[in-house]
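Worksheet: one structure, shown below.
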Amino acid sequence: MLDKKQLKKEQIMQSALELFASKGFYSTTIPDIALSLKMSVGNMYNYFKSKDVLAREIIQYISAYLGGKLRKINEEDISTKEKTRKIIEVYFKTASLKPEMIDYFLRIYLSNREVFKDGCEGMLCVNEFVTEIMIYFEEGVKCGDLREQDFFSAFGLFMGYLGGMVFLKGENVLPKDLNNYVDDIAFNIYKALSAE
Amino acid sequence: MKKKMRVLWLSAIACNGNTHSFLNYPYIEQFLDDFEFIYHPVIDSHYTLEDIVSKKIPCDVLLIEGAISKEFKRVDVSVVDIIEKYSKIVQKIVTVGTCATFGGIFRESGYEETSGMHFDQDKPSQKFQDLIDKTISVSGCPVHPEVLVNTLYAIKKEAILKLDNFLRPKEFYAYTIHNGCTRNEYFEYKVDNHRFGELEGCMFYDHGCQAPFTHGSCNKVLWNEVNSKTRAGLSCMGCTEPTFPKQNLFSTKKNMAIPENLPVGVGKRVYLTLAGISKAFKIDRLEKKLFDD
């Protein structure tokens, strides 16, 4: 069970995420976030010492959220092809239900590296998510479904594709809902990574 | 005159690598003051192999080198029969080296049902079941001479040796070869960047080093009292393990960048989490030559 402080921290992160998505990261201040939760600014600092600290914890929170979903898929006794589809579904579902999360990842985390340079070096703050993607690849290669290749060439293909689609969705360029693309994207990604 | 412990060194299907490695034991004169070989392939003894095979010469310890098959004979007698004869009179049996313990490379020898004395690779063998309590295994290709000698002294002193699941003394085999390797810093920060024979870099990531999942004391009890493979800049080949020898010993088998064999007892998620953390940092000192001149 989450303790009270952790629960409050998650509430703050959720509100911050929504404000970042609507107002933008730099235009949102700690007082804005405090106000949205009817908290005093002073109390807010009991939870996060600065906006940068909050920013780093949010990316870890998102990574843990998505990593947890992916871990369940990795632990299922299903083929790599089915796992591929399920990972895409989870990613798109998160983008639809919690658009602020993926938005934060793509527009804030990846675009404002100066905020994350201390404490989020390399993939430190997205470790849980990346670890599950690595396990998905590793097990796929080990059982002969996926072709052995450099991790980043596979990772870039997979996550770049999904990120690109969510980005297009955010720009209101996609004519259809994300779910309508799952079949084709799962086919394309699996075909590109497959050992066949 | 003090009583020497009488030892029979019996070679089965072997390259005699252990025999020769044993000759590098630095205190062999002292050893031969305390032990007498009733027969050894290259050290003079009172008896010939014919004597050993045709008679039952009093003996305290039977050392077996090489893989075992009923078909393989010494002086026209099956090694299995020789082992059975002497096993009845000795206090202890020691399987010397990986072939005698697990079958090793000579599992491929073509003799019928070739294996180690109690194990066929990692599978327990049904042969010699009644001798398990008498046996100690000292695997390695070859076995480290000090490991063999110290095991023999433990037998002589009637010291109780705790054994692992492959009957190997924990004193020497509870460790991994990684333990004591001078390249541990490179391992910790995931820097391979190695060229064979050079001092820098950890060979686990790209160069096939099996030290983190191989049991033995090579980096604790040094070879010739000076060095080890990994210290000298060559990957550990896993020679003490039932899986020895593997193929492609100089490259790390990876599945999409993740080593297929991880350090003993380390789960994949734990390994990847730690790897992610240490990969995030670049330690300049570990990227440079140690002696930069």
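In the structure tokens, each chain is lettered A, B, ... as it comes, each chain's residues begin at 1, and ligands are numbered from 1 in order of appearance.
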Counting only C-alpha atoms, a student should be able to say which residues of chain A come within 10 Å of chain B; what is the right answer, written as an MDAnalysis selection string?
chainID A and resid 71 119:128 130:132 134:144 146:155
Restricting the output to N, CA and C atoms, write the selected residues as a short mmCIF file (atom, residue, chain, number, x, y, z; two decimals), in the first residue's frame.
data_model
loop_
_atom_site.label_atom_id
_atom_site.label_comp_id
_atom_site.auth_asym_id
_atom_site.auth_seq_id
_atom_site.Cartn_x
_atom_site.Cartn_y
_atom_site.Cartn_z
N ARG A 71 6.08 -5.15 -18.19
CA ARG A 71 6.57 -6.33 -17.45
C ARG A 71 5.49 -7.42 -17.44
N GLY A 119 21.29 13.81 -12.76
CA GLY A 119 20.41 12.84 -12.11
C GLY A 119 19.64 11.97 -13.09
N CYS A 120 19.57 12.40 -14.35
CA CYS A 120 18.87 11.58 -15.34
C CYS A 120 19.79 11.29 -16.53
N GLU A 121 21.08 11.11 -16.22
CA GLU A 121 22.03 10.84 -17.30
C GLU A 121 21.64 9.58 -18.06
N GLY A 122 21.98 9.57 -19.34
CA GLY A 122 21.70 8.39 -20.17
C GLY A 122 20.23 7.99 -20.06
N MET A 123 20.01 6.74 -19.69
CA MET A 123 18.63 6.27 -19.59
C MET A 123 18.23 6.04 -18.13
N LEU A 124 18.97 6.70 -17.22
CA LEU A 124 18.75 6.46 -15.79
C LEU A 124 17.29 6.61 -15.36
N CYS A 125 16.63 7.66 -15.84
CA CYS A 125 15.28 7.93 -15.33
C CYS A 125 14.19 7.17 -16.11
N VAL A 126 14.60 6.50 -17.16
CA VAL A 126 13.59 5.71 -17.90
C VAL A 126 13.98 4.23 -17.87
N ASN A 127 14.76 3.90 -16.85
CA ASN A 127 15.33 2.56 -16.75
C ASN A 127 14.29 1.44 -16.73
N GLU A 128 13.24 1.64 -15.97
CA GLU A 128 12.27 0.54 -15.83
C GLU A 128 11.58 0.22 -17.16
N VAL A 130 12.86 0.99 -20.25
CA VAL A 130 13.86 0.48 -21.21
C VAL A 130 14.24 -0.97 -20.88
N THR A 131 14.33 -1.27 -19.58
CA THR A 131 14.67 -2.65 -19.18
C THR A 131 13.66 -3.65 -19.75
N GLU A 132 12.39 -3.30 -19.68
CA GLU A 132 11.36 -4.22 -20.20
C GLU A 132 11.44 -4.36 -21.72
N MET A 134 14.17 -4.09 -23.38
CA MET A 134 15.35 -4.94 -23.60
C MET A 134 15.00 -6.41 -23.41
N ILE A 135 14.23 -6.69 -22.37
CA ILE A 135 13.86 -8.09 -22.11
C ILE A 135 12.99 -8.64 -23.24
N TYR A 136 12.09 -7.80 -23.72
CA TYR A 136 11.24 -8.21 -24.86
C TYR A 136 12.12 -8.56 -26.07
N PHE A 137 13.11 -7.71 -26.36
CA PHE A 137 14.01 -7.99 -27.48
C PHE A 137 14.84 -9.25 -27.22
N GLU A 138 15.42 -9.30 -26.03
CA GLU A 138 16.34 -10.40 -25.70
C GLU A 138 15.63 -11.74 -25.80
N GLU A 139 14.43 -11.80 -25.23
CA GLU A 139 13.71 -13.07 -25.27
C GLU A 139 13.26 -13.42 -26.68
N GLY A 140 12.94 -12.38 -27.46
CA GLY A 140 12.55 -12.59 -28.85
C GLY A 140 13.69 -13.19 -29.67
N VAL A 141 14.90 -12.68 -29.43
CA VAL A 141 16.06 -13.20 -30.16
C VAL A 141 16.39 -14.61 -29.69
N LYS A 142 16.33 -14.80 -28.38
CA LYS A 142 16.70 -16.08 -27.79
C LYS A 142 15.82 -17.22 -28.30
N CYS A 143 14.53 -16.93 -28.48
CA CYS A 143 13.64 -18.02 -28.94
C CYS A 143 13.61 -18.11 -30.47
N GLY A 144 14.39 -17.26 -31.13
CA GLY A 144 14.52 -17.38 -32.58
C GLY A 144 13.49 -16.58 -33.38
N LEU A 146 13.08 -13.12 -33.25
CA LEU A 146 13.63 -11.85 -33.73
C LEU A 146 15.07 -12.02 -34.19
N ARG A 147 15.45 -11.16 -35.10
CA ARG A 147 16.80 -11.19 -35.65
C ARG A 147 17.77 -10.51 -34.68
N GLU A 148 18.95 -11.12 -34.51
CA GLU A 148 19.98 -10.50 -33.67
C GLU A 148 20.49 -9.23 -34.36
N GLN A 149 20.51 -8.15 -33.65
CA GLN A 149 21.05 -6.90 -34.18
C GLN A 149 21.41 -5.99 -33.02
N ASP A 150 21.96 -4.84 -33.34
CA ASP A 150 22.30 -3.89 -32.30
C ASP A 150 21.02 -3.43 -31.59
N PHE A 151 21.11 -3.30 -30.26
CA PHE A 151 19.92 -2.93 -29.49
C PHE A 151 19.31 -1.62 -29.98
N PHE A 152 20.17 -0.62 -30.21
CA PHE A 152 19.61 0.69 -30.53
C PHE A 152 18.97 0.76 -31.91
N SER A 153 19.45 -0.06 -32.85
CA SER A 153 18.80 -0.04 -34.16
C SER A 153 17.38 -0.60 -34.03
N ALA A 154 17.21 -1.58 -33.14
CA ALA A 154 15.87 -2.14 -32.93
C ALA A 154 15.02 -1.20 -32.08
N PHE A 155 15.64 -0.65 -31.03
CA PHE A 155 14.92 0.25 -30.12
C PHE A 155 14.42 1.49 -30.87
#
As number ranges by chain, please: the residues near Thr252 in chain B (cut-off 12 Å, only C-alpha atoms, same-chain neighbours under 6 positions excluded).
B: 192, 202-211, 235-237, 246, 258-262
Residues within 9 Å of range 43-45 of chain A, please, as a list in words. Count only C-alpha atoms; anything in the same chain fewer than 2 positions from it doesn't count.
Ile12, Ile30, Pro31, Ile33, Ala34, Met39, Ser40, Val41, Tyr47, Phe48, Lys49 and Ser50 of chain A
Got a sec: who's within 9 Å of Ala55 in chain A, counting only C-alpha atoms, leaving out chain neighbours fewer than 4 positions off, as a PyMOL selection string?
chain A and resi 13+16+50-51+59-60+108-109+115-116
Go ahead and save the residues from that selection, with N, CA and C atoms, as an mmCIF file, in the first residue's frame.
data_model
loop_
_atom_site.group_PDB
_atom_site.id
_atom_site.type_symbol
_atom_site.label_atom_id
_atom_site.label_comp_id
_atom_site.auth_asym_id
_atom_site.auth_seq_id
_atom_site.Cartn_x
_atom_site.Cartn_y
_atom_site.Cartn_z
ATOM 1 N N MET A 13 2.189 15.062 -9.034
ATOM 2 C CA MET A 13 2.785 14.762 -10.355
ATOM 3 C C MET A 13 1.698 14.729 -11.427
ATOM 4 N N ALA A 16 0.642 18.264 -12.135
ATOM 5 C CA ALA A 16 1.715 18.939 -12.873
ATOM 6 C C ALA A 16 1.703 18.496 -14.327
ATOM 7 N N SER A 50 12.220 21.436 -5.883
ATOM 8 C CA SER A 50 12.272 22.393 -6.992
ATOM 9 C C SER A 50 11.504 21.815 -8.173
ATOM 10 N N LYS A 51 11.304 22.652 -9.172
ATOM 11 C CA LYS A 51 10.589 22.190 -10.364
ATOM 12 C C LYS A 51 11.421 21.144 -11.119
ATOM 13 N N ILE A 59 9.338 11.871 -14.751
ATOM 14 C CA ILE A 59 9.746 10.954 -15.823
ATOM 15 C C ILE A 59 9.983 9.547 -15.260
ATOM 16 N N GLN A 60 10.467 9.485 -14.024
ATOM 17 C CA GLN A 60 10.645 8.162 -13.399
ATOM 18 C C GLN A 60 9.293 7.506 -13.129
ATOM 19 N N ILE A 108 8.611 17.036 -23.408
ATOM 20 C CA ILE A 108 9.360 17.687 -22.324
ATOM 21 C C ILE A 108 10.662 16.939 -22.044
ATOM 22 N N TYR A 109 10.545 15.629 -21.770
ATOM 23 C CA TYR A 109 11.758 14.878 -21.417
ATOM 24 C C TYR A 109 12.762 14.863 -22.568
ATOM 25 N N VAL A 115 17.169 20.167 -18.394
ATOM 26 C CA VAL A 115 16.482 19.986 -17.101
ATOM 27 C C VAL A 115 16.893 18.657 -16.466
ATOM 28 N N PHE A 116 17.241 17.702 -17.327
ATOM 29 C CA PHE A 116 17.453 16.331 -16.845
ATOM 30 C C PHE A 116 18.928 15.945 -16.800
#
Contacts of Glu100 in chain A at 9 Å or less, counting only C-alpha atoms, minus same-chain residues fewer than 2 places along, as number ranges by chain?
A: 14, 17-22, 95, 97-98, 102-105
Using C-alpha atoms, can you write the selected residues to a file as an mmCIF file, in the first residue's frame?
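And here's out_32.cif as it stands now:
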data_model
loop_
_atom_site.group_PDB
_atom_site.id
_atom_site.type_symbol
_atom_site.label_atom_id
_atom_site.label_comp_id
_atom_site.auth_asym_id
_atom_site.auth_seq_id
_atom_site.Cartn_x
_atom_site.Cartn_y
_atom_site.Cartn_z
ATOM 1 C CA GLN A 14 -0.547 14.080 -12.035
ATOM 2 C CA LEU A 17 1.504 16.664 -15.906
ATOM 3 C CA GLU A 18 -1.891 18.069 -16.832
ATOM 4 C CA LEU A 19 -0.718 21.646 -16.406
ATOM 5 C CA PHE A 20 2.455 21.025 -18.399
ATOM 6 C CA ALA A 21 0.329 19.583 -21.197
ATOM 7 C CA SER A 22 -2.085 22.514 -21.281
ATOM 8 C CA ALA A 95 -1.429 7.867 -25.089
ATOM 9 C CA LEU A 97 -6.163 7.654 -21.664
ATOM 10 C CA LYS A 98 -3.229 9.538 -20.185
ATOM 11 C CA ILE A 102 3.306 10.379 -23.374
ATOM 12 C CA ASP A 103 3.189 14.079 -24.159
ATOM 13 C CA TYR A 104 5.555 14.721 -21.274
ATOM 14 C CA PHE A 105 7.885 12.009 -22.436
#
For range 138-193 of chain B against range 102-112 of chain B, with a cut-off of 9 Å and counting only C-alpha atoms, what is the closest atom pair and its distance in Å to one decimal for every residue that makes the cut, ordered by chain and number, as JSON lines?
{"residue": "B:Ser139", "atom": "CA", "partner": "B:Phe102", "partner_atom": "CA", "distance": 8.1}
{"residue": "B:Cys141", "atom": "CA", "partner": "B:Gly104", "partner_atom": "CA", "distance": 8.5}
{"residue": "B:Phe166", "atom": "CA", "partner": "B:Phe102", "partner_atom": "CA", "distance": 8.9}
Please give the complete set of residues from range 63-266 of chain B that DSSP, run on the backbone, assigns to alpha helix (DSSP H), formatted as an MDAnalysis selection string.
chainID B and resid 79:87 98:102 145:156 170:173 184:188 229:232
Any chance you can output those residues with C-alpha atoms as a PDB file, in the first residue's frame?
ATOM      1  CA  VAL B  79      39.927 -48.392 -16.853  1.00  0.00           C
ATOM      2  CA  VAL B  80      36.563 -49.078 -15.252  1.00  0.00           C
ATOM      3  CA  ASP B  81      37.907 -52.375 -13.899  1.00  0.00           C
ATOM      4  CA  ILE B  82      41.090 -50.692 -12.660  1.00  0.00           C
ATOM      5  CA  ILE B  83      39.034 -48.002 -10.927  1.00  0.00           C
ATOM      6  CA  GLU B  84      36.762 -50.593  -9.333  1.00  0.00           C
ATOM      7  CA  LYS B  85      39.692 -52.630  -8.070  1.00  0.00           C
ATOM      8  CA  TYR B  86      41.525 -49.717  -6.441  1.00  0.00           C
ATOM      9  CA  SER B  87      38.395 -47.936  -5.243  1.00  0.00           C
ATOM     10  CA  THR B  98      37.326 -31.502 -16.087  1.00  0.00           C
ATOM     11  CA  CYS B  99      37.376 -34.657 -18.232  1.00  0.00           C
ATOM     12  CA  ALA B 100      37.491 -36.992 -15.228  1.00  0.00           C
ATOM     13  CA  THR B 101      34.808 -34.909 -13.513  1.00  0.00           C
ATOM     14  CA  PHE B 102      32.363 -34.059 -16.322  1.00  0.00           C
ATOM     15  CA  PRO B 145      48.243 -27.705  -9.143  1.00  0.00           C
ATOM     16  CA  GLU B 146      47.752 -25.994  -5.776  1.00  0.00           C
ATOM     17  CA  VAL B 147      44.091 -26.965  -5.750  1.00  0.00           C
ATOM     18  CA  LEU B 148      45.044 -30.584  -6.298  1.00  0.00           C
ATOM     19  CA  VAL B 149      47.917 -30.571  -3.804  1.00  0.00           C
ATOM     20  CA  ASN B 150      45.932 -28.790  -1.095  1.00  0.00           C
ATOM     21  CA  THR B 151      43.074 -31.235  -1.579  1.00  0.00           C
ATOM     22  CA  LEU B 152      45.511 -34.111  -1.126  1.00  0.00           C
ATOM     23  CA  TYR B 153      46.939 -32.523   2.023  1.00  0.00           C
ATOM     24  CA  ALA B 154      43.395 -32.087   3.351  1.00  0.00           C
ATOM     25  CA  ILE B 155      42.842 -35.808   2.794  1.00  0.00           C
ATOM     26  CA  LYS B 156      46.136 -36.612   4.479  1.00  0.00           C
ATOM     27  CA  LYS B 170      34.026 -25.246  -1.694  1.00  0.00           C
ATOM     28  CA  GLU B 171      37.311 -23.902  -0.423  1.00  0.00           C
ATOM     29  CA  PHE B 172      38.327 -23.536  -4.074  1.00  0.00           C
ATOM     30  CA  TYR B 173      35.082 -23.673  -6.056  1.00  0.00           C
ATOM     31  CA  ASN B 184      36.724  -5.520 -11.778  1.00  0.00           C
ATOM     32  CA  GLU B 185      36.540  -1.744 -12.124  1.00  0.00           C
ATOM     33  CA  TYR B 186      36.042  -2.151 -15.875  1.00  0.00           C
ATOM     34  CA  PHE B 187      33.334  -4.716 -15.177  1.00  0.00           C
ATOM     35  CA  GLU B 188      31.551  -2.420 -12.726  1.00  0.00           C
ATOM     36  CA  LYS B 229      44.216 -15.678 -17.707  1.00  0.00           C
ATOM     37  CA  THR B 230      42.005 -12.690 -17.051  1.00  0.00           C
ATOM     38  CA  ARG B 231      44.763 -10.684 -15.370  1.00  0.00           C
ATOM     39  CA  ALA B 232      47.029 -11.338 -18.336  1.00  0.00           C
TER      40      ALA B 232
END
Using Å and a single decimal, report how far CA of Leu54 in chain A sits from CA of Phe158 in chain A.
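Computed distance, CA of Phe158 in chain A to CA of Leu54 in chain A, equals 28.2 Å.
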Quick check for you: according to DSSP on this backbone, which residues of range 43-287 of chain B are classed as strand (DSSP E)? Reply as a VMD selection string.
chain B and resid 61 to 65 73 to 74 77 to 78 92 to 96 119 to 120 123 to 124 135 to 138 254 to 255 258 to 259
Write the selection just made, keeping N, CA and C atoms, as a PDB file, in the first residue's frame?
ATOM      1  N   VAL B  61      45.116 -43.154  -1.995  1.00  0.00           N
ATOM      2  CA  VAL B  61      44.272 -42.242  -2.785  1.00  0.00           C
ATOM      3  C   VAL B  61      44.395 -42.595  -4.269  1.00  0.00           C
ATOM      4  N   LEU B  62      43.254 -42.658  -4.920  1.00  0.00           N
ATOM      5  CA  LEU B  62      43.243 -42.906  -6.364  1.00  0.00           C
ATOM      6  C   LEU B  62      42.935 -41.589  -7.085  1.00  0.00           C
ATOM      7  N   LEU B  63      43.858 -41.165  -7.933  1.00  0.00           N
ATOM      8  CA  LEU B  63      43.611 -39.973  -8.752  1.00  0.00           C
ATOM      9  C   LEU B  63      43.266 -40.438 -10.161  1.00  0.00           C
ATOM     10  N   ILE B  64      42.176 -39.923 -10.694  1.00  0.00           N
ATOM     11  CA  ILE B  64      41.815 -40.300 -12.060  1.00  0.00           C
ATOM     12  C   ILE B  64      41.872 -39.059 -12.935  1.00  0.00           C
ATOM     13  N   GLU B  65      42.622 -39.190 -14.004  1.00  0.00           N
ATOM     14  CA  GLU B  65      42.706 -38.093 -14.974  1.00  0.00           C
ATOM     15  C   GLU B  65      42.071 -38.583 -16.272  1.00  0.00           C
ATOM     16  N   LYS B  73      41.052 -48.962 -22.489  1.00  0.00           N
ATOM     17  CA  LYS B  73      41.891 -49.880 -21.703  1.00  0.00           C
ATOM     18  C   LYS B  73      43.275 -49.317 -21.451  1.00  0.00           C
ATOM     19  N   ARG B  74      43.842 -49.704 -20.313  1.00  0.00           N
ATOM     20  CA  ARG B  74      45.260 -49.500 -20.040  1.00  0.00           C
ATOM     21  C   ARG B  74      45.860 -50.890 -19.816  1.00  0.00           C
ATOM     22  N   VAL B  77      43.483 -53.734 -19.891  1.00  0.00           N
ATOM     23  CA  VAL B  77      42.418 -53.841 -18.866  1.00  0.00           C
ATOM     24  C   VAL B  77      41.583 -52.556 -18.910  1.00  0.00           C
ATOM     25  N   SER B  78      40.272 -52.735 -18.872  1.00  0.00           N
ATOM     26  CA  SER B  78      39.395 -51.567 -18.910  1.00  0.00           C
ATOM     27  C   SER B  78      39.668 -50.644 -17.718  1.00  0.00           C
ATOM     28  N   LYS B  92      40.206 -42.367  -0.443  1.00  0.00           N
ATOM     29  CA  LYS B  92      39.535 -41.351  -1.251  1.00  0.00           C
ATOM     30  C   LYS B  92      39.877 -41.507  -2.725  1.00  0.00           C
ATOM     31  N   ILE B  93      38.922 -41.037  -3.553  1.00  0.00           N
ATOM     32  CA  ILE B  93      39.154 -40.980  -4.997  1.00  0.00           C
ATOM     33  C   ILE B  93      39.072 -39.497  -5.379  1.00  0.00           C
ATOM     34  N   VAL B  94      40.001 -39.044  -6.205  1.00  0.00           N
ATOM     35  CA  VAL B  94      39.932 -37.649  -6.662  1.00  0.00           C
ATOM     36  C   VAL B  94      39.856 -37.647  -8.182  1.00  0.00           C
ATOM     37  N   THR B  95      38.820 -37.038  -8.729  1.00  0.00           N
ATOM     38  CA  THR B  95      38.771 -36.882 -10.188  1.00  0.00           C
ATOM     39  C   THR B  95      39.532 -35.604 -10.516  1.00  0.00           C
ATOM     40  N   VAL B  96      40.620 -35.761 -11.232  1.00  0.00           N
ATOM     41  CA  VAL B  96      41.541 -34.655 -11.485  1.00  0.00           C
ATOM     42  C   VAL B  96      41.245 -34.055 -12.862  1.00  0.00           C
ATOM     43  N   PHE B 119      29.603 -37.598 -13.325  1.00  0.00           N
ATOM     44  CA  PHE B 119      28.751 -36.672 -14.089  1.00  0.00           C
ATOM     45  C   PHE B 119      29.028 -36.788 -15.579  1.00  0.00           C
ATOM     46  N   ASP B 120      27.932 -36.692 -16.340  1.00  0.00           N
ATOM     47  CA  ASP B 120      28.051 -36.568 -17.780  1.00  0.00           C
ATOM     48  C   ASP B 120      27.630 -35.127 -18.072  1.00  0.00           C
ATOM     49  N   LYS B 123      24.817 -33.695 -15.792  1.00  0.00           N
ATOM     50  CA  LYS B 123      23.852 -34.730 -15.381  1.00  0.00           C
ATOM     51  C   LYS B 123      24.546 -35.818 -14.548  1.00  0.00           C
ATOM     52  N   PRO B 124      23.945 -36.170 -13.413  1.00  0.00           N
ATOM     53  CA  PRO B 124      24.551 -37.235 -12.618  1.00  0.00           C
ATOM     54  C   PRO B 124      24.579 -38.533 -13.422  1.00  0.00           C
ATOM     55  N   THR B 135      34.405 -39.804  -3.232  1.00  0.00           N
ATOM     56  CA  THR B 135      35.007 -38.998  -4.304  1.00  0.00           C
ATOM     57  C   THR B 135      35.029 -37.504  -4.008  1.00  0.00           C
ATOM     58  N   ILE B 136      36.125 -36.900  -4.410  1.00  0.00           N
ATOM     59  CA  ILE B 136      36.237 -35.436  -4.430  1.00  0.00           C
ATOM     60  C   ILE B 136      36.610 -35.071  -5.873  1.00  0.00           C
ATOM     61  N   SER B 137      35.957 -34.030  -6.418  1.00  0.00           N
ATOM     62  CA  SER B 137      36.287 -33.615  -7.789  1.00  0.00           C
ATOM     63  C   SER B 137      37.084 -32.328  -7.743  1.00  0.00           C
ATOM     64  N   VAL B 138      38.150 -32.271  -8.508  1.00  0.00           N
ATOM     65  CA  VAL B 138      38.828 -30.982  -8.698  1.00  0.00           C
ATOM     66  C   VAL B 138      38.873 -30.725 -10.209  1.00  0.00           C
ATOM     67  N   LYS B 254      25.448 -12.775 -27.368  1.00  0.00           N
ATOM     68  CA  LYS B 254      24.487 -11.782 -26.901  1.00  0.00           C
ATOM     69  C   LYS B 254      23.188 -11.888 -27.674  1.00  0.00           C
ATOM     70  N   ASN B 255      22.119 -11.553 -27.025  1.00  0.00           N
ATOM     71  CA  ASN B 255      20.839 -11.435 -27.708  1.00  0.00           C
ATOM     72  C   ASN B 255      20.441  -9.977 -27.636  1.00  0.00           C
ATOM     73  N   ILE B 258      22.294  -8.046 -25.014  1.00  0.00           N
ATOM     74  CA  ILE B 258      22.293  -8.542 -23.634  1.00  0.00           C
ATOM     75  C   ILE B 258      23.038  -9.873 -23.583  1.00  0.00           C
ATOM     76  N   PRO B 259      24.092  -9.971 -22.768  1.00  0.00           N
ATOM     77  CA  PRO B 259      24.819 -11.240 -22.705  1.00  0.00           C
ATOM     78  C   PRO B 259      23.891 -12.399 -22.331  1.00  0.00           C
TER      79      PRO B 259
END
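Each of A:Lys9, A:Arg107, A:Lys176, A:Lys86 was compared to Tyr61 in chain A using only C-alpha atoms, and A:Lys9 turns out to be the nearest.
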If you count only C-alpha atoms, the residue of A:Leu106, A:Gln11, A:Leu193, A:Met165 closest to Ile88 in chain A turns out to be A:Met165
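Straight-line separation from CA of Lys93 in chain A to CA of Asp145 in chain A: 25.4 Å.
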Mind checking which residues fall within 9 Å of range 283-287 of chain B, counting only C-alpha atoms, ignoring those fewer than 6 positions away in the same chain, and posting them as a list in words?
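Here the answer would be Glu185, Tyr186, Tyr189, Val191, Asn193, Glu200 and Gly201 of chain B.
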Just-selected residues, C-alpha atoms written as a JSON list (two decimals), in the first residue's frame:
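The result, written out as part_15.json:
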[["chain", "number", "residue", "atom", "x", "y", "z"],
["B", 185, "GLU", "CA", 36.54, -1.74, -12.12],
["B", 186, "TYR", "CA", 36.04, -2.15, -15.87],
["B", 189, "TYR", "CA", 31.41, 0.46, -15.19],
["B", 191, "VAL", "CA", 33.95, -0.85, -20.09],
["B", 193, "ASN", "CA", 37.25, -1.73, -24.87],
["B", 200, "GLU", "CA", 42.72, -2.45, -19.77],
["B", 201, "GLY", "CA", 39.07, -3.40, -20.16]]
How many Å lie between CA of Arg56 in chain A and CA of Asn74 in chain A, rounded to one decimal?
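CA of Asn74 in chain A lies 26.1 Å from CA of Arg56 in chain A.
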